[in-house]
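Asks: Shown below is the structure under consideration.
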Amino acid sequence: MALHKPYADVPGTTIFDAEQSRKGYWLNQFCMSLMKADNRARFKADERTYLDEWPMSEEQKQAVLTRDLNRCIAAGGNIYFLAKIGATDGKSFQQMAGSMTGMTEEEYRDMMVRGGRSVEGNRVIGEGGDAQAHRQPQGHGKGML
Amino acid sequence: MARITASVYTSHVPAIGAALDLGKTQEPYWQKVFSGYEFGKRWMREHRPDVVFLVYNDHATSFSLEIIPTFAIGTAAEFAVADEGWGPRPVPKVIGHPELASHIAQSVIQDDFDLTIVNKMDVDHGLTVPLSLLFGQTDAWPCQVIPFAVNVVQYPVPSGRRCFALGQSIRKAIESYDEPLKVQVWGTGGMSHQLQGPRAGLINKDWDNRFLDRLIADPAALAQVPHIEYVREAGSEGIELVMWLIARGAMSDMAGGAPPKVAHRFYHVPASNTAVGHLILEN
């Protein structure tokens, strides 16, 4: 019997379970390596060479190089690990989270100041809320960090 | 004998720490957050504990995917403040209580809860931001702290039911410790938030406030709420709120005592991506 995954139908959301963790093990561990200052310096000097030191898939490396965090998550990345890439780039958590919504930083910040994203229409895939697939992108952002 | 005098609950948003450290607390945006903690800081001075048993989660700081402990109790004499990529926060190192922590570990493991014992771990914003919120900027934390880290990084996190029962076991452990220490149990993290995907920025004020109502009045029933409800209603990262049930389970009324006094309750949106919640319950 397969593992029960009741969270598979939450829109705009990827739960970091054992399957995602297996898929993303080296992507996440690469991110972890950026907690050391000298690794950050080496990565910034030549990202491709640094990435090639890790047994990551080409898709994972491209996701990192393009700073497409949604693509990183689909490839098994976990946001707390991906946040180390953000810190290396000097980006805040708000900038990182906003980049995954297709909004600009200002649009995302304004949404938060207005009370955040509503849960209405965003609980189950197939509803009409702004986190649903057919409503993307949500603003004028690049979708990249 | 040691006793639990109160439980304290608070969000541990990293941006709150950054605002404090960079001197932004007087900005209008941040004043709306920090004003909610003025009472708590005064209350802390009047109700100074000897030890805080601080329940929090590590955010891929001390634990990578190499080791993922469900419940990790810090039994060391001290814990360094972590460098999360911006240099360590300019806050004091954390002084532990190895004797009480080991006593709790032994008692709780004997009570059939499987804890991981940790003697070396740096503590990240999950632990230090609550300390900053309740104790302000200081040269030394005014009490000893036992860090208790819960896995909320890889699904499944422990259930609300398990967290609540663990809290009850922790209370028994503390009350069987010989020294007459005043101990507080803190539950941190939350409230509703989602940091990933197109649904990033999710906030659910109604669900959060119902959570606070139920945490106060009927935590045993709240402990039965399944993870999927937290995820759907409060965001993928809102799952952190199960940790509050550890602190609540440790209060006297969950062992037949009188209901706690609600000394303070505060809620505000936003602090960066997150809904800020804060509660103080006195035994």
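For the structure tokens, the naming scheme is as follows: chains receive sequential letters (A, B, ...) according to their order of presentation, residues are indexed from 1 within each chain, and ligands are indexed from 1 in presentation order.
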Quick one: residues within 8 Å of Ala271 in chain B, only C-alpha atoms, excluding same-chain residues fewer than 5 positions away - as an NGL selection string?
Replies: :B and (13 or 15-16 or 30 or 33 or 276)
Asks: Tell me, counting only C-alpha atoms, for each residue of chain A within 6 Å of chain B, which pair of atoms is nearest and how far apart they are in Å to one decimal, in rows ordered by chain and increasing number, as a Markdown table.
Replies:
| residue | atom | partner | partner_atom | distance |
| --- | --- | --- | --- | --- |
| A:Gly12 | CA | B:Pro198 | CA | 4.5 |
| A:Thr13 | CA | B:Gly197 | CA | 5.5 |
| A:Phe16 | CA | B:Gln154 | CA | 5.6 |
| A:Asp17 | CA | B:Tyr155 | CA | 4.5 |
| A:Met35 | CA | B:Gly85 | CA | 5.6 |
| A:Asn70 | CA | B:Gly197 | CA | 5.9 |
| A:Tyr80 | CA | B:His59 | CA | 5.8 |
| A:Ala87 | CA | B:Gly85 | CA | 5.7 |
| A:Ala97 | CA | B:Leu195 | CA | 5.3 |
| A:Met100 | CA | B:Gly197 | CA | 5.2 |
| A:Thr101 | CA | B:Pro198 | CA | 4.3 |
| A:Gly115 | CA | B:Val269 | CA | 5.9 |
| A:Gly116 | CA | B:Ile203 | CA | 5.2 |
| A:Arg117 | CA | B:Leu202 | CA | 4.4 |
| A:Arg123 | CA | B:Arg232 | CA | 5.4 |
| A:Ala131 | CA | B:Arg199 | CA | 4.8 |
Asks: So that I have them on file, write out the residues from the current selection with N, CA and C atoms, as a short mmCIF file (atom, residue, chain, number, x, y, z; two decimals), in the first residue's frame.
Replies:
data_model
loop_
_atom_site.label_atom_id
_atom_site.label_comp_id
_atom_site.auth_asym_id
_atom_site.auth_seq_id
_atom_site.Cartn_x
_atom_site.Cartn_y
_atom_site.Cartn_z
N GLY A 12 -0.75 25.25 -5.03
CA GLY A 12 0.42 26.11 -4.86
C GLY A 12 1.33 25.69 -3.72
N THR A 13 1.33 24.38 -3.41
CA THR A 13 2.01 23.88 -2.20
C THR A 13 2.64 22.54 -2.48
N PHE A 16 7.15 18.78 1.81
CA PHE A 16 8.48 18.16 1.79
C PHE A 16 8.42 16.85 2.57
N ASP A 17 8.00 15.79 1.89
CA ASP A 17 7.90 14.48 2.53
C ASP A 17 9.11 13.63 2.16
N MET A 35 26.37 27.63 4.03
CA MET A 35 26.42 28.24 5.36
C MET A 35 27.85 28.62 5.73
N ASN A 70 10.58 27.85 -7.52
CA ASN A 70 9.51 26.87 -7.73
C ASN A 70 10.08 25.63 -8.41
N TYR A 80 13.77 25.88 3.61
CA TYR A 80 14.75 26.28 4.63
C TYR A 80 16.18 26.09 4.12
N ALA A 87 20.26 33.83 1.11
CA ALA A 87 21.19 34.56 2.00
C ALA A 87 22.48 34.87 1.25
N ALA A 97 10.10 34.30 -0.83
CA ALA A 97 8.72 33.81 -0.88
C ALA A 97 7.97 34.50 -2.01
N MET A 100 8.20 33.28 -5.74
CA MET A 100 7.50 32.06 -6.15
C MET A 100 6.04 32.32 -6.54
N THR A 101 5.59 33.56 -6.35
CA THR A 101 4.20 33.88 -6.62
C THR A 101 4.03 34.60 -7.95
N GLY A 115 -2.89 42.15 4.90
CA GLY A 115 -3.43 41.05 5.69
C GLY A 115 -3.05 39.68 5.17
N GLY A 116 -2.22 39.64 4.09
CA GLY A 116 -1.76 38.37 3.57
C GLY A 116 -2.71 37.75 2.57
N ARG A 117 -2.33 36.57 2.09
CA ARG A 117 -3.14 35.86 1.10
C ARG A 117 -4.30 35.17 1.80
N ARG A 123 -7.89 26.34 -0.75
CA ARG A 123 -7.73 25.18 0.12
C ARG A 123 -7.50 23.89 -0.68
N ALA A 131 -3.90 31.24 -5.66
CA ALA A 131 -2.77 30.32 -5.62
C ALA A 131 -2.97 29.14 -6.58
#
Asks: A:Ile85, A:Ala75, A:Met32, A:Met112: which is nearest Glu47 in chain A, counting only C-alpha atoms?
Replies: A:Ile85
Asks: Could you tell me, as JSON, numbers by chain, which residues of range 75-224 of chain B DSSP assigns to strand (DSSP E) when given the backbone?
Replies: {"B": [78, 79, 94, 95, 116, 117, 118, 144, 145, 146, 147, 148, 149, 150, 182, 183, 184, 185, 186, 187, 188]}
Asks: Would you mind listing what lies within 9 Å of Met96 in chain A as a list in words, with only C-alpha atoms counted and same-chain residues fewer than 6 positions away left out?
Replies: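 My reading of the contact set: Leu69, Leu82, Ala83, Gly86, Glu105, Met144 and Leu145 of chain A; Leu195 and Gln196 of chain B.
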Asks: Any chance you could list, as a PyMOL selection string, the residues in chain A that come up helix (DSSP H, G or I) when DSSP is run on the backbone?
Replies: chain A and resi 6-9+18-23+25-33+37-45+47-51+58-65+69-74+79-89+93-99+105-113+133-135
Asks: Report the distance between CA of Gly96 in chain B and CA of Asp122 in chain B in Å, rounded to one decimal place.
Replies: 12.0 Å
Asks: Any idea what's packed within 7 Å of range 7-12 of chain B, counting only C-alpha atoms, ignoring anything in its chain fewer than 3 positions away? Could you give it as a PDB file with C-alpha atoms, in the first residue's frame?
Replies:
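Everything below was put into around.pdb:
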ATOM      1  CA  HIS B 125      16.321  32.292  15.352  1.00  0.00           C
ATOM      2  CA  GLY B 126      13.668  29.753  16.350  1.00  0.00           C
ATOM      3  CA  VAL B 129      14.024  35.469  18.668  1.00  0.00           C
ATOM      4  CA  PRO B 130      11.602  34.427  21.466  1.00  0.00           C
ATOM      5  CA  GLN B 184       8.452  28.025  32.382  1.00  0.00           C
ATOM      6  CA  VAL B 185       7.697  25.992  29.257  1.00  0.00           C
ATOM      7  CA  TRP B 186       7.647  28.008  26.036  1.00  0.00           C
ATOM      8  CA  GLY B 187       6.070  26.926  22.747  1.00  0.00           C
ATOM      9  CA  THR B 188       7.262  28.839  19.676  1.00  0.00           C
ATOM     10  CA  GLY B 189       6.726  29.076  15.931  1.00  0.00           C
ATOM     11  CA  GLY B 190       3.721  29.952  13.772  1.00  0.00           C
ATOM     12  CA  MET B 191       1.207  31.330  13.496  1.00  0.00           C
ATOM     13  CA  TRP B 244       2.558  24.965  21.103  1.00  0.00           C
ATOM     14  CA  ALA B 247       3.892  23.710  26.219  1.00  0.00           C
ATOM     15  CA  ARG B 248       0.118  23.556  26.747  1.00  0.00           C
ATOM     16  CA  VAL B 276       2.301  36.908  14.921  1.00  0.00           C
ATOM     17  CA  GLY B 277       0.657  35.271  17.915  1.00  0.00           C
ATOM     18  CA  HIS B 278       1.657  35.564  21.588  1.00  0.00           C
ATOM     19  CA  LEU B 279       0.068  34.168  24.725  1.00  0.00           C
ATOM     20  CA  ILE B 280       1.032  33.955  28.402  1.00  0.00           C
ATOM     21  CA  LEU B 281      -0.738  31.406  30.628  1.00  0.00           C
ATOM     22  CA  GLU B 282      -0.053  31.331  34.365  1.00  0.00           C
TER      23      GLU B 282
END
Asks: Fewer than 5 positions away in the same chain doesn't count, so skip those; otherwise give me all residues within 10 Å of range 91-95 of chain B, counting only C-alpha atoms, as a PyMOL selection string.
Replies: chain B and resi 17+21+51+76-82+122-123+127-129+131-132+136-147
Asks: Once you have the residues from the selection above, write them out as a compact mmCIF listing (two decimals), in the first residue's frame, restricted to N, CA and C atoms.
Replies:
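Full text of result-v5.txt as output:
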# COMPACT_ATOMS: atom_id res chain seq x y z
N GLY B 17 13.87 39.29 14.57
CA GLY B 17 15.24 39.37 15.09
C GLY B 17 16.05 40.41 14.34
N ASP B 21 17.85 43.71 15.82
CA ASP B 21 19.31 43.81 15.73
C ASP B 21 19.74 45.03 14.93
N VAL B 51 14.55 28.62 35.00
CA VAL B 51 14.84 27.89 33.76
C VAL B 51 13.66 28.03 32.79
N ALA B 76 23.45 20.19 27.07
CA ALA B 76 24.77 20.81 27.23
C ALA B 76 24.73 21.97 28.22
N ALA B 77 25.93 22.38 28.64
CA ALA B 77 26.05 23.51 29.57
C ALA B 77 25.82 24.84 28.85
N GLU B 78 26.15 24.90 27.56
CA GLU B 78 25.86 26.13 26.82
C GLU B 78 25.70 25.83 25.33
N PHE B 79 25.07 26.79 24.66
CA PHE B 79 24.75 26.63 23.25
C PHE B 79 25.12 27.93 22.54
N ALA B 80 25.88 27.83 21.45
CA ALA B 80 26.30 29.02 20.71
C ALA B 80 25.15 29.51 19.83
N VAL B 81 25.16 30.83 19.58
CA VAL B 81 24.17 31.43 18.68
C VAL B 81 24.62 31.17 17.24
N ALA B 82 23.74 30.61 16.42
CA ALA B 82 24.10 30.16 15.07
C ALA B 82 24.35 31.31 14.11
N ASP B 122 24.17 24.50 17.79
CA ASP B 122 23.98 25.94 17.77
C ASP B 122 22.47 26.20 17.74
N VAL B 123 22.06 27.33 18.29
CA VAL B 123 20.64 27.63 18.34
C VAL B 123 20.33 28.78 17.39
N LEU B 127 14.93 29.81 18.42
CA LEU B 127 15.10 29.91 19.86
C LEU B 127 15.46 31.32 20.31
N THR B 128 16.33 31.98 19.56
CA THR B 128 16.83 33.28 20.06
C THR B 128 15.84 34.43 19.87
N VAL B 129 14.99 34.37 18.85
CA VAL B 129 14.02 35.47 18.67
C VAL B 129 13.02 35.51 19.84
N LEU B 131 13.59 34.61 22.88
CA LEU B 131 14.34 35.16 24.02
C LEU B 131 14.45 36.68 23.90
N SER B 132 14.76 37.16 22.69
CA SER B 132 14.87 38.61 22.47
C SER B 132 13.54 39.31 22.71
N GLY B 136 14.27 41.31 25.80
CA GLY B 136 14.85 42.52 25.25
C GLY B 136 16.33 42.35 24.94
N GLN B 137 17.01 43.48 24.67
CA GLN B 137 18.44 43.43 24.37
C GLN B 137 19.20 43.45 25.68
N THR B 138 20.07 42.48 25.87
CA THR B 138 20.71 42.28 27.17
C THR B 138 22.10 41.68 26.98
N ASP B 139 22.98 41.83 27.97
CA ASP B 139 24.33 41.25 27.86
C ASP B 139 24.35 39.78 28.21
N ALA B 140 23.34 39.35 28.96
CA ALA B 140 23.27 37.93 29.34
C ALA B 140 21.79 37.59 29.52
N TRP B 141 21.38 36.42 29.04
CA TRP B 141 19.99 36.01 29.28
C TRP B 141 19.81 35.83 30.78
N PRO B 142 18.67 36.28 31.33
CA PRO B 142 18.51 36.28 32.79
C PRO B 142 18.14 34.93 33.39
N CYS B 143 18.15 33.87 32.61
CA CYS B 143 17.85 32.56 33.17
C CYS B 143 18.50 31.49 32.30
N GLN B 144 18.48 30.27 32.81
CA GLN B 144 19.01 29.16 32.03
C GLN B 144 17.93 28.67 31.07
N VAL B 145 18.37 28.08 29.96
CA VAL B 145 17.45 27.67 28.90
C VAL B 145 17.77 26.24 28.50
N ILE B 146 16.74 25.40 28.44
CA ILE B 146 16.90 24.04 27.90
C ILE B 146 16.27 24.05 26.51
N PRO B 147 17.10 23.96 25.45
CA PRO B 147 16.54 23.95 24.09
C PRO B 147 15.91 22.59 23.79
Asks: With only C-alpha atoms as the atoms that count, which of A:Asp130, A:Tyr108, A:Asp46, A:Leu65 lies nearest to Phe93 in chain A?
Replies: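 Under the stated criterion, the closest residue is A:Tyr108.
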Asks: Which one is closest to Ser33 in chain A: A:Glu53, A:Glu120, A:Asp9, A:Glu59? Count only C-alpha atoms.
Replies: A:Glu53
Asks: I need the residue nearest Ser35 in chain B from this list: B:Leu133, B:Ala165, B:Ala220, B:Val225. Use only C-alpha atoms for the distance.
Replies: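 Looking at the shortest contact to Ser35 in chain B, the residue is B:Leu133.
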Asks: Of the residues B:Leu245, B:Val118, B:Ile4, B:Ile73, which is the one nearest to Tyr177 in chain B, using only C-alpha atoms?
Replies: B:Ile4
Asks: Given only C-alpha atoms as the basis, pick out the residue of B:Lys24, B:Lys32, B:Arg42, B:Arg89 nearest to Leu134 in chain B.
Replies: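 The closest residue to Leu134 in chain B is B:Arg42.
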Asks: What's around Pro219 in chain B at 9 Å? Count only C-alpha atoms, leave out sequence neighbours fewer than 4 positions away in its own chain, and write the answer as a compact mmCIF listing (two decimals) with N, CA and C atoms, in the first residue's frame.
Replies:
# COMPACT_ATOMS: atom_id res chain seq x y z
N PHE B 164 1.08 16.94 22.61
CA PHE B 164 0.31 17.20 23.83
C PHE B 164 0.69 16.20 24.92
N ARG B 214 -9.00 27.67 21.38
CA ARG B 214 -9.03 26.24 21.74
C ARG B 214 -7.79 25.84 22.55
N LEU B 215 -6.66 26.45 22.27
CA LEU B 215 -5.44 26.16 23.03
C LEU B 215 -5.68 26.49 24.50
N ALA B 223 -5.61 19.00 20.21
CA ALA B 223 -4.51 18.06 19.93
C ALA B 223 -4.92 16.97 18.94
N GLN B 224 -6.20 16.78 18.73
CA GLN B 224 -6.67 15.75 17.78
C GLN B 224 -6.72 16.26 16.34
N LEU B 245 1.45 22.83 21.47
CA LEU B 245 0.74 21.82 22.27
C LEU B 245 1.65 21.14 23.28
N ARG B 248 1.46 23.57 26.14
CA ARG B 248 0.12 23.56 26.75
C ARG B 248 -0.13 22.28 27.54
N GLY B 249 0.38 21.16 26.98
CA GLY B 249 0.20 19.87 27.67
C GLY B 249 0.90 19.83 29.02
N MET B 254 -3.92 20.18 32.84
CA MET B 254 -3.93 18.95 32.07
C MET B 254 -3.57 17.75 32.96
